[in-house]
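Worksheet for the structure shown next.
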Amino acid sequence: MNMYKSTDLIEFIQFFSTSDDCLRYIANIKWANNLFTCKKCGNTNYCKGKQNYSRRCTKCKYDESATKGTMFERISFDLLRAFHILYALSVRKKGISSYEIESEFSISQETCWKFRKKVQGIMKSSEQYPLEGYVDVDEFLVGGPEKGKRGRSHGKKKLVVIALERLASDKFGRSYMRYIQKSSAEELRPFFNAHISKDALVRTDKWSAYATLKDEYSNLEQIESDDGKNFRELHIQIMNFKGWLRGIHHHCSKKHMQGYLDEYCFRYNRRNYLNTIFHKLTEKMVFNLTINGATEVG
Ligand SMILES: [Zn+2]
């Protein structure tokens, strides 16, 4: 198939000028290399179906549309709009706010919100590519003043744990974030296990909960945070995330926090693969890829 590989908006507009172009693109991803297996009877022979790009099983006559079983099925606006929103969510450095989606694409707030939630669902990490090398970990609060003792109730503030690969010469690697209730070992350990390689050279501050993880993470080193000065890269990353969230969504409830963390990390971790990020996201939409079947990078 002719895979879309560009970050140029004009090229995008020419490549996808109608909803039919988008439907064809979906069909090409879904039935790559012309491989077809009937969902009803397993037969692999097909003929042209009733709708554009749909396929009809030659044995049981089941007619399957290109969007059937994908996350493009049953969306209440046209595919061209959906493709433009996916493009903005993946290629634009800061994605797109729900307000912008609403006004730029004439979609109601509720519809736009539902679609964004769907997309955030497939932006979730597959947990197949843990962070490696030098990895810094800390927690931060979203939606309120920073100060406050650990282990206490955070009120309306949201507590987030973040891990970031620190590369040579001040460069940042990949990053993951997770919304947690408390900075306890019970909540920190699953985050470590999901996102940090056991061989990584992890650095954290002196918080006691991190010490308990040394049984699995033998290279974990605890240093004084010195108000974040010793975790400079990590704190730049936290500031960038908070700035983005403020610009995109003013009041992010606890329920929706993880979706925004996933969305941010999805784009951030693929910032060096922008040519293919739109295609990868569309592919995940077509195959309905959620946490266990996704491809992470590339
Ligand atoms: Zn069949």
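As shown in the structure tokens, the chain order sets the letters A, B, ...; within each chain, residues go from 1, and ligands are also counted from 1 in the order they appear.
Residues of protein, DNA or RNA lying at most 9 Å from ligand 1, when only C-alpha atoms and all ligand atoms are considered, are Thr37, Cys38, Lys39, Lys40, Cys41, Gly42, Asn43, Thr44, Asn45, Tyr46, Arg56, Cys57, Thr58, Lys59, Cys60, Lys61, Tyr62 and Asp63 of chain A.
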Mind running stretch 19-89 of chain A against stretch 118-121 of chain A at 10 Å and telling me each contacting residue's nearest atom pair with the distance in Å (one decimal), counting only C-alpha atoms, chain and number ascending, as a tab-separated table?
```
residue	atom	partner	partner_atom	distance
A:Met71	CA	A:Lys118	CA	7.8
A:Phe72	CA	A:Lys118	CA	9.9
A:Ile85	CA	A:Val119	CA	9.9
A:Leu86	CA	A:Val119	CA	8.0
A:Leu89	CA	A:Val119	CA	8.8
```
Determine, counting only C-alpha atoms, which protein, DNA and RNA residues have an atom within 8 Å of an atom of A:Val91; residues of the same chain fewer than 6 positions away are not included. Present the result as a PyMOL selection string.
-> chain A and resi 7+267+274+277-278
Go ahead and save the picked residues with N, CA, C and O atoms, as a PDB file, in the first residue's frame.
```pdb
ATOM      1  N   THR A   7       5.072  15.157   7.182  1.00  0.00           N
ATOM      2  CA  THR A   7       4.525  16.045   8.215  1.00  0.00           C
ATOM      3  C   THR A   7       4.050  17.337   7.559  1.00  0.00           C
ATOM      4  O   THR A   7       3.793  18.316   8.230  1.00  0.00           O
ATOM      5  N   ARG A 267       2.968  11.024  21.886  1.00  0.00           N
ATOM      6  CA  ARG A 267       3.552  11.983  20.941  1.00  0.00           C
ATOM      7  C   ARG A 267       5.024  12.228  21.274  1.00  0.00           C
ATOM      8  O   ARG A 267       5.878  12.228  20.400  1.00  0.00           O
ATOM      9  N   LEU A 274       8.290  11.477  13.320  1.00  0.00           N
ATOM     10  CA  LEU A 274       7.068  12.201  12.944  1.00  0.00           C
ATOM     11  C   LEU A 274       6.530  11.838  11.563  1.00  0.00           C
ATOM     12  O   LEU A 274       5.330  11.936  11.323  1.00  0.00           O
ATOM     13  N   ILE A 277       4.240   8.846  12.251  1.00  0.00           N
ATOM     14  CA  ILE A 277       3.382   8.823  13.449  1.00  0.00           C
ATOM     15  C   ILE A 277       1.889   8.782  13.081  1.00  0.00           C
ATOM     16  O   ILE A 277       1.109   8.069  13.710  1.00  0.00           O
ATOM     17  N   PHE A 278       1.505   9.505  12.034  1.00  0.00           N
ATOM     18  CA  PHE A 278       0.097   9.491  11.632  1.00  0.00           C
ATOM     19  C   PHE A 278      -0.317   8.092  11.170  1.00  0.00           C
ATOM     20  O   PHE A 278      -1.364   7.570  11.560  1.00  0.00           O
TER      21      PHE A 278
END
```
Identify, with DSSP run on backbone atoms, the residues in stretch 106-291 of chain A assigned to strand (DSSP E), and express the list as a PyMOL selection string.
-> chain A and resi 134-142+158-166+172-180+201-204+221-222
For those residues, write N, CA and C atoms to a file as a short mmCIF file (atom, residue, chain, number, x, y, z; two decimals), in the first residue's frame.
```
data_model
loop_
_atom_site.label_atom_id
_atom_site.label_comp_id
_atom_site.auth_asym_id
_atom_site.auth_seq_id
_atom_site.Cartn_x
_atom_site.Cartn_y
_atom_site.Cartn_z
N TYR A 134 20.21 5.39 31.64
CA TYR A 134 20.01 6.27 32.80
C TYR A 134 18.56 6.70 32.85
N VAL A 135 17.89 6.36 33.94
CA VAL A 135 16.47 6.69 34.06
C VAL A 135 16.22 7.43 35.38
N ASP A 136 15.67 8.63 35.30
CA ASP A 136 15.32 9.39 36.50
C ASP A 136 13.83 9.24 36.78
N VAL A 137 13.49 9.10 38.06
CA VAL A 137 12.08 8.92 38.45
C VAL A 137 11.73 9.90 39.56
N ASP A 138 10.56 10.47 39.49
CA ASP A 138 10.06 11.34 40.56
C ASP A 138 8.54 11.39 40.47
N GLU A 139 7.92 12.08 41.43
CA GLU A 139 6.48 12.28 41.34
C GLU A 139 6.21 13.78 41.33
N PHE A 140 5.05 14.15 40.82
CA PHE A 140 4.65 15.56 40.87
C PHE A 140 3.14 15.65 40.97
N LEU A 141 2.68 16.84 41.38
CA LEU A 141 1.25 17.06 41.51
C LEU A 141 0.75 17.93 40.37
N VAL A 142 -0.44 17.62 39.91
CA VAL A 142 -1.05 18.43 38.86
C VAL A 142 -2.29 19.11 39.43
N LYS A 158 -3.72 15.99 41.50
CA LYS A 158 -3.46 14.63 41.03
C LYS A 158 -1.98 14.33 41.15
N LEU A 159 -1.70 13.16 41.70
CA LEU A 159 -0.31 12.74 41.86
C LEU A 159 0.10 11.88 40.66
N VAL A 160 1.26 12.21 40.10
CA VAL A 160 1.73 11.50 38.92
C VAL A 160 3.17 11.05 39.14
N VAL A 161 3.48 9.82 38.77
CA VAL A 161 4.87 9.38 38.80
C VAL A 161 5.40 9.42 37.37
N ILE A 162 6.63 9.90 37.24
CA ILE A 162 7.22 10.08 35.91
C ILE A 162 8.60 9.43 35.86
N ALA A 163 8.93 8.82 34.72
CA ALA A 163 10.28 8.28 34.49
C ALA A 163 10.75 8.82 33.15
N LEU A 164 12.03 9.20 33.11
CA LEU A 164 12.60 9.78 31.89
C LEU A 164 14.00 9.24 31.66
N GLU A 165 14.30 8.84 30.44
CA GLU A 165 15.66 8.43 30.08
C GLU A 165 16.52 9.68 29.91
N ARG A 166 17.68 9.67 30.56
CA ARG A 166 18.60 10.80 30.46
C ARG A 166 19.72 10.36 29.54
N PHE A 172 17.20 14.26 26.00
CA PHE A 172 16.20 13.43 26.68
C PHE A 172 15.86 12.22 25.82
N GLY A 173 15.62 11.11 26.49
CA GLY A 173 15.17 9.92 25.77
C GLY A 173 13.66 9.83 25.86
N ARG A 174 13.17 8.62 26.12
CA ARG A 174 11.72 8.43 26.20
C ARG A 174 11.23 8.64 27.62
N SER A 175 9.92 8.72 27.76
CA SER A 175 9.36 9.02 29.08
C SER A 175 7.98 8.36 29.25
N TYR A 176 7.68 7.98 30.47
CA TYR A 176 6.34 7.46 30.78
C TYR A 176 5.82 8.11 32.05
N MET A 177 4.51 8.23 32.14
CA MET A 177 3.90 8.82 33.33
C MET A 177 2.66 8.02 33.72
N ARG A 178 2.41 7.97 35.00
CA ARG A 178 1.22 7.26 35.48
C ARG A 178 0.58 8.00 36.65
N TYR A 179 -0.74 8.10 36.59
CA TYR A 179 -1.49 8.71 37.68
C TYR A 179 -1.58 7.70 38.82
N ILE A 180 -1.19 8.11 40.02
CA ILE A 180 -1.25 7.21 41.18
C ILE A 180 -1.98 7.89 42.34
N LEU A 201 19.89 2.16 35.05
CA LEU A 201 20.57 2.86 36.15
C LEU A 201 19.62 3.94 36.65
N VAL A 202 18.76 3.53 37.58
CA VAL A 202 17.67 4.41 38.02
C VAL A 202 18.15 5.36 39.12
N ARG A 203 17.74 6.62 39.02
CA ARG A 203 17.99 7.58 40.09
C ARG A 203 16.67 8.12 40.62
N THR A 204 16.53 8.15 41.93
CA THR A 204 15.35 8.75 42.55
C THR A 204 15.83 9.63 43.70
N GLU A 221 19.74 4.11 42.52
CA GLU A 221 20.54 4.98 43.37
C GLU A 221 19.65 6.11 43.88
N GLN A 222 19.76 6.41 45.19
CA GLN A 222 18.95 7.49 45.75
C GLN A 222 19.85 8.68 46.08
#
```
Taking into account only C-alpha atoms, which residue in the set A:Asn2, A:Leu234, A:Gly259, A:Asp215 is nearest to A:Lys114?
->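 Going through A:Asn2, A:Leu234, A:Gly259, A:Asp215 one by one, the smallest distance to A:Lys114 is for A:Gly259.
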Between atom CA of A:Phe266 and atom CA of A:Asn288, what is the distance, to one decimal in Å?
->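 Separating atom CA of A:Phe266 from atom CA of A:Asn288 is a distance of 16.0 Å.
Between atom CA of A:Thr67 and atom CA of A:Glu283 the separation is 12.0 Å.
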Give the alpha helix (DSSP H) residues of stretch 147-261 of chain A, as assigned by DSSP on the backbone, as a PyMOL selection string.
-> chain A and resi 185-195+208-211+232-248+254-261
Would you mind exporting the chosen residues as a compact mmCIF listing (two decimals), in the first residue's frame, restricted to N, CA, C and O atoms?
```txt
# COMPACT_ATOMS: atom_id res chain seq x y z
N ALA A 185 5.11 2.12 47.77
CA ALA A 185 5.78 1.07 47.01
C ALA A 185 4.76 0.25 46.23
O ALA A 185 5.03 -0.18 45.10
N GLU A 186 3.56 0.06 46.79
CA GLU A 186 2.52 -0.75 46.13
C GLU A 186 2.13 -0.14 44.78
O GLU A 186 1.75 -0.86 43.86
N GLU A 187 2.17 1.16 44.70
CA GLU A 187 1.79 1.80 43.44
C GLU A 187 3.00 2.09 42.55
O GLU A 187 2.88 2.12 41.33
N LEU A 188 4.14 2.33 43.18
CA LEU A 188 5.33 2.65 42.38
C LEU A 188 5.88 1.40 41.68
O LEU A 188 6.34 1.46 40.54
N ARG A 189 5.81 0.26 42.36
CA ARG A 189 6.39 -0.96 41.79
C ARG A 189 5.76 -1.36 40.45
O ARG A 189 6.48 -1.63 39.48
N PRO A 190 4.42 -1.39 40.35
CA PRO A 190 3.84 -1.75 39.04
C PRO A 190 4.24 -0.78 37.93
O PRO A 190 4.42 -1.18 36.78
N PHE A 191 4.40 0.49 38.27
CA PHE A 191 4.85 1.47 37.28
C PHE A 191 6.27 1.14 36.82
O PHE A 191 6.57 1.12 35.62
N PHE A 192 7.15 0.86 37.79
CA PHE A 192 8.53 0.47 37.45
C PHE A 192 8.51 -0.78 36.56
O PHE A 192 9.18 -0.85 35.54
N ASN A 193 7.75 -1.79 36.99
CA ASN A 193 7.73 -3.05 36.26
C ASN A 193 7.22 -2.89 34.83
O ASN A 193 7.67 -3.57 33.92
N ALA A 194 6.27 -1.99 34.65
CA ALA A 194 5.70 -1.79 33.32
C ALA A 194 6.62 -1.00 32.41
O ALA A 194 6.66 -1.22 31.21
N HIS A 195 7.39 -0.08 32.97
CA HIS A 195 8.07 0.89 32.11
C HIS A 195 9.58 1.01 32.26
O HIS A 195 10.21 1.75 31.51
N SER A 208 11.44 7.01 50.98
CA SER A 208 11.63 5.63 51.46
C SER A 208 10.99 4.56 50.56
O SER A 208 11.51 3.45 50.45
N ALA A 209 9.89 4.90 49.92
CA ALA A 209 9.21 3.89 49.10
C ALA A 209 10.11 3.39 47.96
O ALA A 209 10.02 2.23 47.54
N TYR A 210 10.98 4.26 47.47
CA TYR A 210 11.87 3.84 46.38
C TYR A 210 12.91 2.81 46.87
O TYR A 210 13.32 1.94 46.11
N ALA A 211 13.31 2.97 48.13
CA ALA A 211 14.33 2.06 48.68
C ALA A 211 13.85 0.61 48.62
O ALA A 211 14.63 -0.31 48.37
N ARG A 232 17.38 17.91 36.88
CA ARG A 232 17.05 19.04 36.00
C ARG A 232 16.20 18.62 34.79
O ARG A 232 15.14 19.19 34.53
N GLU A 233 16.67 17.61 34.08
CA GLU A 233 15.96 17.17 32.87
C GLU A 233 14.53 16.75 33.19
O GLU A 233 13.58 17.11 32.50
N LEU A 234 14.41 16.01 34.28
CA LEU A 234 13.10 15.51 34.69
C LEU A 234 12.15 16.69 34.98
O LEU A 234 10.98 16.66 34.60
N HIS A 235 12.68 17.72 35.62
CA HIS A 235 11.81 18.84 35.96
C HIS A 235 11.46 19.71 34.76
O HIS A 235 10.37 20.27 34.71
N ILE A 236 12.32 19.72 33.76
CA ILE A 236 11.97 20.41 32.51
C ILE A 236 10.81 19.65 31.85
O ILE A 236 9.83 20.23 31.40
N GLN A 237 10.93 18.33 31.87
CA GLN A 237 9.89 17.49 31.27
C GLN A 237 8.55 17.68 31.99
O GLN A 237 7.50 17.77 31.36
N ILE A 238 8.60 17.75 33.32
CA ILE A 238 7.37 17.95 34.10
C ILE A 238 6.75 19.31 33.74
O ILE A 238 5.55 19.42 33.53
N MET A 239 7.59 20.35 33.65
CA MET A 239 7.09 21.68 33.30
C MET A 239 6.48 21.69 31.92
O MET A 239 5.44 22.30 31.69
N ASN A 240 7.12 21.01 30.98
CA ASN A 240 6.58 20.93 29.62
C ASN A 240 5.22 20.27 29.61
O ASN A 240 4.29 20.72 28.95
N PHE A 241 5.10 19.17 30.37
CA PHE A 241 3.81 18.47 30.41
C PHE A 241 2.73 19.37 31.01
O PHE A 241 1.63 19.49 30.48
N LYS A 242 3.05 20.02 32.12
CA LYS A 242 2.05 20.87 32.78
C LYS A 242 1.63 22.04 31.88
O LYS A 242 0.45 22.38 31.82
N GLY A 243 2.60 22.61 31.20
CA GLY A 243 2.30 23.71 30.28
C GLY A 243 1.36 23.25 29.18
O GLY A 243 0.39 23.92 28.84
N TRP A 244 1.65 22.06 28.66
CA TRP A 244 0.81 21.50 27.60
C TRP A 244 -0.62 21.25 28.11
O TRP A 244 -1.59 21.64 27.47
N LEU A 245 -0.71 20.64 29.28
CA LEU A 245 -2.03 20.29 29.82
C LEU A 245 -2.87 21.54 30.07
O LEU A 245 -4.05 21.57 29.76
N ARG A 246 -2.22 22.59 30.61
CA ARG A 246 -2.94 23.85 30.85
C ARG A 246 -3.47 24.41 29.54
O ARG A 246 -4.58 24.91 29.50
N GLY A 247 -2.67 24.32 28.49
CA GLY A 247 -3.08 24.89 27.21
C GLY A 247 -4.16 24.08 26.52
O GLY A 247 -4.93 24.59 25.72
N ILE A 248 -4.23 22.80 26.85
CA ILE A 248 -5.09 21.90 26.09
C ILE A 248 -6.40 21.62 26.82
O ILE A 248 -7.44 21.43 26.24
N LYS A 254 -9.71 13.59 37.80
CA LYS A 254 -8.90 12.41 38.11
C LYS A 254 -9.20 11.27 37.14
O LYS A 254 -8.31 10.55 36.71
N LYS A 255 -10.48 11.15 36.81
CA LYS A 255 -10.91 10.06 35.94
C LYS A 255 -10.22 10.11 34.56
O LYS A 255 -9.95 9.08 33.96
N HIS A 256 -9.98 11.31 34.08
CA HIS A 256 -9.43 11.43 32.73
C HIS A 256 -7.94 11.71 32.68
O HIS A 256 -7.36 11.83 31.60
N MET A 257 -7.33 11.81 33.84
CA MET A 257 -5.91 12.17 33.92
C MET A 257 -5.03 11.24 33.09
O MET A 257 -4.18 11.68 32.32
N GLN A 258 -5.21 9.92 33.26
CA GLN A 258 -4.32 8.96 32.60
C GLN A 258 -4.38 9.10 31.07
O GLN A 258 -3.36 8.95 30.40
N GLY A 259 -5.55 9.41 30.55
CA GLY A 259 -5.69 9.58 29.10
C GLY A 259 -4.77 10.68 28.59
O GLY A 259 -4.12 10.53 27.55
N TYR A 260 -4.70 11.78 29.32
CA TYR A 260 -3.85 12.89 28.90
C TYR A 260 -2.37 12.56 29.07
O TYR A 260 -1.54 12.97 28.27
N LEU A 261 -2.05 11.81 30.10
CA LEU A 261 -0.66 11.36 30.29
C LEU A 261 -0.25 10.46 29.13
O LEU A 261 0.84 10.59 28.57
```
Please indicate the distance in Å from atom CA of A:Ser76 to atom CA of A:Glu110, rounded to one decimal place.
->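 Separation of atom CA of A:Ser76 and atom CA of A:Glu110: 11.0 Å.
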What lies within 12 Å of A:Thr282 using only C-alpha atoms, ignoring chain neighbours under 2 positions off, as number ranges by chain?
-> A: 3-4, 22-23, 25-30, 67, 70-72, 79, 82-87, 89-90, 119, 122-123, 276-280, 284-289, 294
For A:Glu64: contacts at 7 Å, only C-alpha atoms, fewer than 3 positions along chain excluded, given as a PyMOL selection string | chain A and resi 54-56+68
Deliver the residues from the most recent selection as a file, using N, CA and C atoms, as a PDB file, in the first residue's frame.
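The result, written out as result26.pdb:
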```pdb
ATOM      1  N   SER A  54     -15.727  -2.451   0.372  1.00  0.00           N
ATOM      2  CA  SER A  54     -16.160  -3.559   1.232  1.00  0.00           C
ATOM      3  C   SER A  54     -15.888  -4.870   0.491  1.00  0.00           C
ATOM      4  N   ARG A  55     -15.799  -5.962   1.233  1.00  0.00           N
ATOM      5  CA  ARG A  55     -15.505  -7.258   0.627  1.00  0.00           C
ATOM      6  C   ARG A  55     -16.563  -8.286   1.003  1.00  0.00           C
ATOM      7  N   ARG A  56     -16.950  -9.060   0.020  1.00  0.00           N
ATOM      8  CA  ARG A  56     -17.995 -10.047   0.253  1.00  0.00           C
ATOM      9  C   ARG A  56     -17.402 -11.447   0.130  1.00  0.00           C
ATOM     10  N   LYS A  68     -15.640  -1.944   9.459  1.00  0.00           N
ATOM     11  CA  LYS A  68     -16.190  -2.935  10.398  1.00  0.00           C
ATOM     12  C   LYS A  68     -15.102  -3.455  11.358  1.00  0.00           C
TER      13      LYS A  68
END
```
